[in-house]
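Everything on this sheet refers to the single structure shown next.
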Amino acid sequence: MPQLARRVGRAKPSAIMVVAEKAKRLKAEGRDIISFSIGVPNFLPGPHVYDAVREALNKDSGQYGSNRGADALLDAFMKHMEAIGLTGYTRANIATGIGAKHVIYNLAEVLLDEGDTIAFPTPYWTSYLDIAEIVDAKIDLLPCPPEQDYKLTPAQLDAALAKKPKVFLFNNPSNPTGMVYTKDEIAALADVVAKHPDTWIITDDIYNRMVFDGIGYHNFVQFRPELRDRTIFLDSLSKTYGMPGWRVGFMAGPEAVAAAVVTMNSNHITNIPELTTAAAIAALTGPQDVPTQKNAEFQAKRDQVMATFAAIPGIVCPKPQGAFYVFPDVSAYFGKTHGPTGLAIANDVDLCNALLDAKGVACVPGSAFGEPRALRISYTCPTPQLAPGLARIQEFFAELH
Ligand SMILES: Cc1ncc(COP(=O)(O)O)c(C=O)c1O
């Protein structure tokens, strides 16, 4: 048989899905499973989104669309950006994709030649590593442990950019930690970025509408407008609007980068489908009560999860201020055994497996995100499941000796 391309050997299925699949299998076998594993928002968009799709269906042109995205969609996205303080972009600065993941993949193709370096903080969203490996980039991981609240410091960034990576990829609010950089922290990092002109900056800020405690969302270009020439902002409908399956992602950045992404689109997807476009425009321009209400709900759920971990001795859990994740450092429990089942816990993977087997609670091991001391809880489950799920977690840790 002929060989597959070498890059396939570097491509891995997402580690997050491995846990989710096991949880699904146990559920199918009749186990009572509470899933804190996949990063899905678990709500549906407002009725106006469905109305817009029905209307578009009646008028369906059946034609190919724009490789960049329909003008009305680009305009709706620019308005959405303006509302979070990102102004001065034109259609030529924007490109769309089948979800932000697809836009990131396109950007990797567009910005990185084989052997070029991409730097990003650890913990990281798993796909950053996987995509960088597929395009055969060198990866410079910048460790941000729980002791520094999982956040990158200006000194760390300065040292990383002094090595002139081709791309620096930044994620705020963060998946998997839920941490959000304050206005001052972003301003300080922007000052550092401005000193190093040889690096493209990608800010994956798809959780920008999910920020708690009134701290707001901030971007480097707001403090250093000159960074617009090499900063690419990413956004998505998936989380904010409860539309992960609709697959709409965006980038806003220099015209040359947007044009290159559009060329990539023309060579594989051609365009975002017409019906999806109608849904996206309605979500971006219609009533914003669903995202607003969900943000409040997630903040309350965050508090509930934090209260649980605060009550478990030995767990260190920096307080997230956005997205819908909590990322506790559970390493104090490595080397222990789960009393009732006799399962030994050597590391994060053992711990997540034992928690799933013993209590039917699915979380993702931190090693999937480059931080093996932690585990990720995604707390968007139906509200009635949250308290029992957390009680089971508390019970589980009390049974480790
Ligand atoms: C940080 C981050 N970036 C990008 C994505 C991809 O989002 P999309 O559904 O738009 O592809 C995710 C999804 O989990 C994410 O957490």
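By convention here, the chains of the structure tokens are called A, B, ... in the order presented, each chain's residues are numbered starting at 1, and ligands are numbered starting at 1 in the order presented.
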
- Environment of ligand 1 within 6 Å, counting only C-alpha atoms and all ligand atoms, reported as a list of chain:residue names: A:Gly39, A:Gly99, A:Ala100, A:Lys101, A:Trp125, A:Asn175, A:Asp204, A:Ser236, A:Ser238, A:Pro244, A:Val248, A:Gly249

- Contacts of A:Gly253 at 6 Å or less, counting only C-alpha atoms, minus same-chain residues fewer than 5 places along, as a list in words? Asn93, Thr231 and Ile232 of chain A

- Item | Long-range neighbours of A:Asp71 as number ranges by chain, 12 Å cut-off, only C-alpha atoms, 3 positions minimum in chain | A: 65-68, 74-78, 90-92, 94-96, 274, 277-278, 281

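Minimum distance to A:Leu355 across A:Ile131, A:Leu343, A:Val18, A:Ile269 (counting only C-alpha atoms) occurs at A:Leu343.
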
- d(atom CA of A:Glu29, atom CA of A:Arg392) in Å: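 We find that atom CA of A:Glu29 and atom CA of A:Arg392 lie 19.8 Å from each other.
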
- Shell of 7 Å around A:Gln321, only C-alpha atoms, local chain residues under 6 positions omitted, as a ChimeraX atom specification: /A:178-180,211-213

- Task: Please return as a PyMOL selection string: the residues of stretch 113-327 of chain A that backbone DSSP assigns to strand (DSSP E or B).
- Result: chain A and resi 117-122+138-143+167-171+200-204+211+231-236+249-252+316+322+325-326

- Taking into account only C-alpha atoms, which residue in the set A:Leu234, A:Val135, A:Ala5, A:Leu386 is nearest to A:Arg302?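 The closest residue to A:Arg302 is A:Leu386.
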
- With distances taken over only C-alpha atoms, which of A:Leu351, A:Ala300, A:Ala56, A:Ala358 is nearest to A:Tyr379?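 Once distances to A:Tyr379 are computed over only C-alpha atoms, the minimum belongs to A:Ala300.
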